[in-house]
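Participant: Encoded as structure tokens, here's the structure I'll be asking about.
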There are 2 protein chains.
Amino acid sequence: MTDTATTLTLVARLEAAREASRALAIADSAAKDAALEAIAVAVETGAARILPANELDLANGRENGLSTGLIDRLRLDEARLGGLAAAVRQIAALPDPVGEVVRGRKLPNGLQLSQVRVPFGVIGAIYEARPNVTIDIAALALKSGNAVVLRGGSAAENTNRELVALLQGALASAGLPADAVQTIDEFGREGATELMRARGWVDVLVPRGSAQLIDTVVRESTVPVIETGAGVVHVFLDESAELDMARDIVVNAKVQRPSVCNALETLLVDVRAAERLLPPVLDALAAEGVTVKGDERVRAIRPELAAATDEDFATEHMALEMSVAVVDDLDGALAHIRRFSTHHTESIVTNDVARAERFLAEVDSAVVMVNTSTRFTDGGEFGFGAEVGISTQKLHARGPMGLPELTSTKWLVRGHGQVRG
Amino acid sequence: MTDTATTLTLVARLEAAREASRALAIADSAAKDAALEAIAVAVETGAARILPANELDLANGRENGLSTGLIDRLRLDEARLGGLAAAVRQIAALPDPVGEVVRGRKLPNGLQLSQVRVPFGVIGAIYEARPNVTIDIAALALKSGNAVVLRGGSAAENTNRELVALLQGALASAGLPADAVQTIDEFGREGATELMRARGWVDVLVPRGSAQLIDTVVRESTVPVIETGAGVVHVFLDESAELDMARDIVVNAKVQRPSVCNALETLLVDVRAAERLLPPVLDALAAEGVTVKGDERVRAIRPELAAATDEDFATEHMALEMSVAVVDDLDGALAHIRRFSTHHTESIVTNDVARAERFLAEVDSAVVMVNTSTRFTDGGEFGFGAEVGISTQKLHARGPMGLPELTSTKWLVRGHGQVRG
């Protein structure tokens with residue numbers, strides 16, 4: 001296939017998505033929910049087609065030396081398919097965001113102004129090795145009235161081909177345009193590059209995956225991007241933190257699922273609580289197999305720990321490894337977070353109202369918590385049904401992205417002949 | 001000055017803005033409003049410093065052959081300074097957007113979730129030859145708790161230097177950091193390029209000016225951009241349009257201020273109303289000195305008109321020139337708008353409820369109107385005090401941008417020891 005032929009076909013695919021987006025934008029909620037139910041049924045009953053394709057991807061992945069973590073993300077099984085179907089039904093059960101009136105008033109000259117939610121139109125997604133994202137993003141996009149163009153990466157291409165066929169069949173069965181879900185996987189890297197340059201065809205692009213993938217998309221895309229980012233996530237144990245709560249939160253935040261972006265990477269402890277809290281917390285982490293590096297003051301308490309460098313404090317380990325530092329006070333914790341945080345999630349454990357409120361006000365992150373585990377930064381946990389990702393940028397969406405984050409707005413102005421004087 | 005020295009100084013400027021943004025983010029509304037009042041007073045009483053600097057820019061502009069339109073935008077006088085001061089006071093009188101709770105709920109596990117408005121942090125603005133933008137953007141940014149880095153262009157550099165000094169003095173007088181307003185005009189084009197690459201220093205960049213300026217910023221910036229765009233604005237006269245209303249709206253939309261983005265560029269008329277409406281509407285436009293080009297069916301009624309080409313239909317004239325086309329029906333109007341609109345503002349004149357609702361639902365523009373002039377797409381008219389620009393993108397902000405559009409949000413999560421199971 002020549003370059004020109006590739007481009008032409010890709011453009012045809014984008015054109016078809018845009019055409020379909022117009023029908024979807026004005027589709028009734030009932031039709032969209034029927035399509036989602038059809039998707040859930042197809043996912044539940046489609047194992048015989050989906051799992052062999054997934055086996056093929058897994059075999060290729062092992063051959064190409066994919067990491068255990070990536071192989072785990074790539075794998076589908078009956079239980080995971082069941083979970084996906086349940087997520088799709090949860091999304092169907094949420095209120096339709098399209099048409100919601102966000103603001104409105106009657107102007108002094110009698111003009112009636114209302115700002116209503118509308119679909120973006122066409123959403124592009126570039127992601128890697130996670131076939132569940134194919135279903136999650138497509139379901140969220142359809143519920144919010146958008147067409148979607150998916151670039152799922154070569155590692156999952158066989159699985160994604162089956163899933164996209166399933167999604168298109170479900171759309172058609174509900175009387176909606178099958179073209180509202182498109183894949184461009186067969187165009188390879190060139191296709192991804194084209195998608196990033198498809199300004200005018202694609203309204204917003206969501207990258208999901210490694211820091212490198214996200215950086216590339218942010219740098220290369222002329223389509224507006226919502227950055228879903230890495231999480232160098234902090235927990236700060238204030239002087240007043242209760243030991244049991246501190247230990248439970250730190251262990252849960254680090255250990256419950258270490259490979260994800262909301263897992264804890266750096267623990268900060270107020271110097272006045274270090275001798276009381278650090279030994280039992282470090283023991284609990286060691287018991288869970290966590291490898292800890294510490295700064296000087298941590299190593300004064302636990303000399304056997306390796307020294308943590310600035311590079312460690314800037315690292316998202318995504319594994320049972322973490323860094324610990326002792327800080328002078330809340331200001332010290334805020335300064336450390338300001339320097340090393342990726343603005344994803346930070347939590348304080350405290351019983352002091354004033355410090356809790358200062359932490360909430362002054363930490364500049366998508367999610368700021370008091371007395372709970374950072375693992376709760378999640379669209380599902382927040383009640384969004386599923387998530388498109390967790391935005392670490394400030395524009396448009398910040399934190400877990402659900403249905404409202406997949407919409408834009410427009411202003412409707414109703415008059416009776418008013419002109420400007 | 002060497003390149004390195006320039007860059008270092010520019011970085012110091014950005015660093016100072018970021019530092020100041022932290023104080024501004026947690027400043028009381030009262031302090032911010034006091035700074036705005038000080039700005040209004042300084043603008044009102046500062047003519048002796050501002051106007052001579054403006055005279056210098058005007059003289060340079062004439063020497064460099066700036067167009068009459070640009071010279072007009074560049075000019076300040078006592079009346080315009082009074083208008084600017086009034087806009088600043090209007091902004092001060094608006095509710096503080098920071099801290100507004102946008103959404104919130106208590107999760108089943110007892111976590112209290114609230115999404116609150118927070119400042120972006122540092123807003124960058126790149127604009128041309130309009131010193132009023134310096135005051136408008138700075139006032140909106142301060143009210144919404146943001147620091148601002150301004151690149152106002154060489155044509156207005158003397159005026160802007162005075163205005164920035166005035167803004168910084170007003171901030172200091174209210175006990176807020178003067179560094180919250182920065183100019184990088186003295187770094188020239190290189191400074192603008194640096195600003196577009198200042199990811200991590202600047203949270204959002206707003207370009208305001210020519211299509212070329214906006215294109216450059218969209219293409220080059222790695223900082224998230226809010227595009228404020230050109231307006232190829234349409235009015236559609238439906239079969240049921242009343243003549244008087246149609247004529248008043250068309251004339252007002254075209255003539256009241258032809259050099260701005262919300263002015264009418266293309267008039268569409270339903271073929272069934274063409275013979276009834278076109279002659280009197282074209283006569284009224286001719287009486288106002290408007291030059292009209294028409295498609296074949298328009299020229300069948302007015303053979304003396306020049307023929308409108310596709311290029312004409314795609315042009316934002318910003319002058320007393322426009323194009324007119326006859327369409328078969330509402331679908332024809334929608335198809336024409338889909339093809340040529342820049343998604344800014346479109347208006348239908350109609351007395352038919354079903355067609356009005358279809359137009360509102362199906363036109364994919366920032367502002368969609370029924371029976372009123374497109375000139376009302378304006379932050380001031382919408383009650384926002386002033387505007388940062390009119391966004392024609394779908395991400396984050398769409399239409400006139402006021403205070404809420406200059407904020408991001410963050411999620412606050414309050415728990416009592418919850419961990420994820």
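Labels for the structure tokens follow display order: chains A, B, ..., residues from 1 in each chain, ligands from 1.
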Name the residues in contact with Ala38 (chain A) at a cut-off of 8 Å, using only C-alpha atoms, excluding same-chain residues fewer than 5 positions from it; report them as number ranges by chain.
Facilitator: A: 170-171, 173-174
Participant: Quick one: write out the picked residues with N, CA and C atoms as a PDB file, in the first residue's frame?
Facilitator:
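This is the output file part_24.pdb:
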```
ATOM      1  N   ALA A 170     -23.081  -3.741  17.379  1.00  0.00           N
ATOM      2  CA  ALA A 170     -24.041  -3.314  18.404  1.00  0.00           C
ATOM      3  C   ALA A 170     -24.680  -1.986  18.025  1.00  0.00           C
ATOM      4  N   LEU A 171     -23.882  -1.070  17.490  1.00  0.00           N
ATOM      5  CA  LEU A 171     -24.423   0.215  17.049  1.00  0.00           C
ATOM      6  C   LEU A 171     -25.483   0.010  15.977  1.00  0.00           C
ATOM      7  N   SER A 173     -27.226  -2.584  15.346  1.00  0.00           N
ATOM      8  CA  SER A 173     -28.418  -3.275  15.862  1.00  0.00           C
ATOM      9  C   SER A 173     -29.345  -2.308  16.586  1.00  0.00           C
ATOM     10  N   ALA A 174     -28.801  -1.180  17.064  1.00  0.00           N
ATOM     11  CA  ALA A 174     -29.642  -0.190  17.748  1.00  0.00           C
ATOM     12  C   ALA A 174     -30.052   0.941  16.804  1.00  0.00           C
TER      13      ALA A 174
END
```
Participant: Extract, using only C-alpha atoms, all DNA, RNA and protein residues at most 6 Å from Leu268 (chain B), discarding same-chain residues fewer than 6 positions from it, and format them as a list in words.
Facilitator: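 Listed by chain and then number, they are Phe236, Val324, Ala325 and Val326 of chain B.
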Participant: Take the residues from that selection and put them in a file with C-alpha atoms, as a CSV table (one decimal), in the first residue's frame.
Facilitator:
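Once everything was written out, this is out00.csv:
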```
chain,number,residue,atom,x,y,z
B,236,PHE,CA,-30.2,32.3,7.5
B,324,VAL,CA,-25.3,36.1,-0.3
B,325,ALA,CA,-26.6,32.7,-1.4
B,326,VAL,CA,-30.0,31.3,-2.0
```
Participant: Give the answer as one residue: which of B:Val232, B:Val88, B:Leu24, B:Val164 has the shortest atom-to-atom distance to chain A, using only C-alpha atoms?
Facilitator: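 Among the listed residues, B:Leu24 lies closest to chain A.
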Participant: Show me, as a VMD selection string, the residues of chain A whose atoms get within 7 Å of chain B, using only C-alpha atoms for the distance check.
Facilitator: chain A and resid 120 218 to 219 222 245 249 252 360 365 to 373 375 to 376 394 to 396 398 408 to 420
Participant: Go ahead and write the residues just picked, C-alpha atoms, as a PDB file, in the first residue's frame.
Facilitator:
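Result file follows (part_1.pdb):
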```pdb
ATOM      1  CA  PHE A 120     -17.425  17.087  21.052  1.00  0.00           C
ATOM      2  CA  VAL A 218       1.426  16.392  23.490  1.00  0.00           C
ATOM      3  CA  ARG A 219       4.410  17.483  21.415  1.00  0.00           C
ATOM      4  CA  THR A 222      -2.205  19.857  16.488  1.00  0.00           C
ATOM      5  CA  MET A 245      -5.051   5.238  60.010  1.00  0.00           C
ATOM      6  CA  ILE A 249      -3.672   4.370  54.182  1.00  0.00           C
ATOM      7  CA  ASN A 252      -3.281   0.502  50.789  1.00  0.00           C
ATOM      8  CA  LEU A 360      -6.552  21.058  50.406  1.00  0.00           C
ATOM      9  CA  SER A 365      -3.126  18.639  42.021  1.00  0.00           C
ATOM     10  CA  ALA A 366      -6.092  17.118  40.234  1.00  0.00           C
ATOM     11  CA  VAL A 367      -7.223  15.356  43.414  1.00  0.00           C
ATOM     12  CA  VAL A 368      -6.297  16.441  46.948  1.00  0.00           C
ATOM     13  CA  MET A 369      -7.345  14.198  49.832  1.00  0.00           C
ATOM     14  CA  VAL A 370      -7.591  14.170  53.596  1.00  0.00           C
ATOM     15  CA  ASN A 371      -7.415  10.902  55.512  1.00  0.00           C
ATOM     16  CA  THR A 372      -7.953   8.461  52.673  1.00  0.00           C
ATOM     17  CA  SER A 373      -6.075   6.329  50.173  1.00  0.00           C
ATOM     18  CA  ARG A 375      -6.217   4.655  45.182  1.00  0.00           C
ATOM     19  CA  PHE A 376      -9.672   6.274  45.211  1.00  0.00           C
ATOM     20  CA  LYS A 394      -5.845  21.979  33.977  1.00  0.00           C
ATOM     21  CA  LEU A 395      -7.602  22.711  30.720  1.00  0.00           C
ATOM     22  CA  HIS A 396     -11.134  21.330  30.251  1.00  0.00           C
ATOM     23  CA  ARG A 398      -8.898  17.595  35.658  1.00  0.00           C
ATOM     24  CA  SER A 408     -18.309  20.571  25.062  1.00  0.00           C
ATOM     25  CA  THR A 409     -20.963  23.251  25.401  1.00  0.00           C
ATOM     26  CA  LYS A 410     -22.653  25.681  23.117  1.00  0.00           C
ATOM     27  CA  TRP A 411     -24.569  28.872  23.775  1.00  0.00           C
ATOM     28  CA  LEU A 412     -28.166  29.056  22.565  1.00  0.00           C
ATOM     29  CA  VAL A 413     -29.590  32.566  22.235  1.00  0.00           C
ATOM     30  CA  ARG A 414     -33.302  33.049  21.642  1.00  0.00           C
ATOM     31  CA  GLY A 415     -34.534  36.510  20.717  1.00  0.00           C
ATOM     32  CA  HIS A 416     -37.458  38.271  19.081  1.00  0.00           C
ATOM     33  CA  GLY A 417     -35.660  40.635  16.775  1.00  0.00           C
ATOM     34  CA  GLN A 418     -33.128  42.280  19.105  1.00  0.00           C
ATOM     35  CA  VAL A 419     -30.294  44.190  17.451  1.00  0.00           C
ATOM     36  CA  ARG A 420     -27.262  45.794  19.062  1.00  0.00           C
TER      37      ARG A 420
END
```
Participant: What is the distance between CA of Gly145 (chain B) and CA of Pro177 (chain B), in Å to one decimal?
Facilitator: 11.7 Å
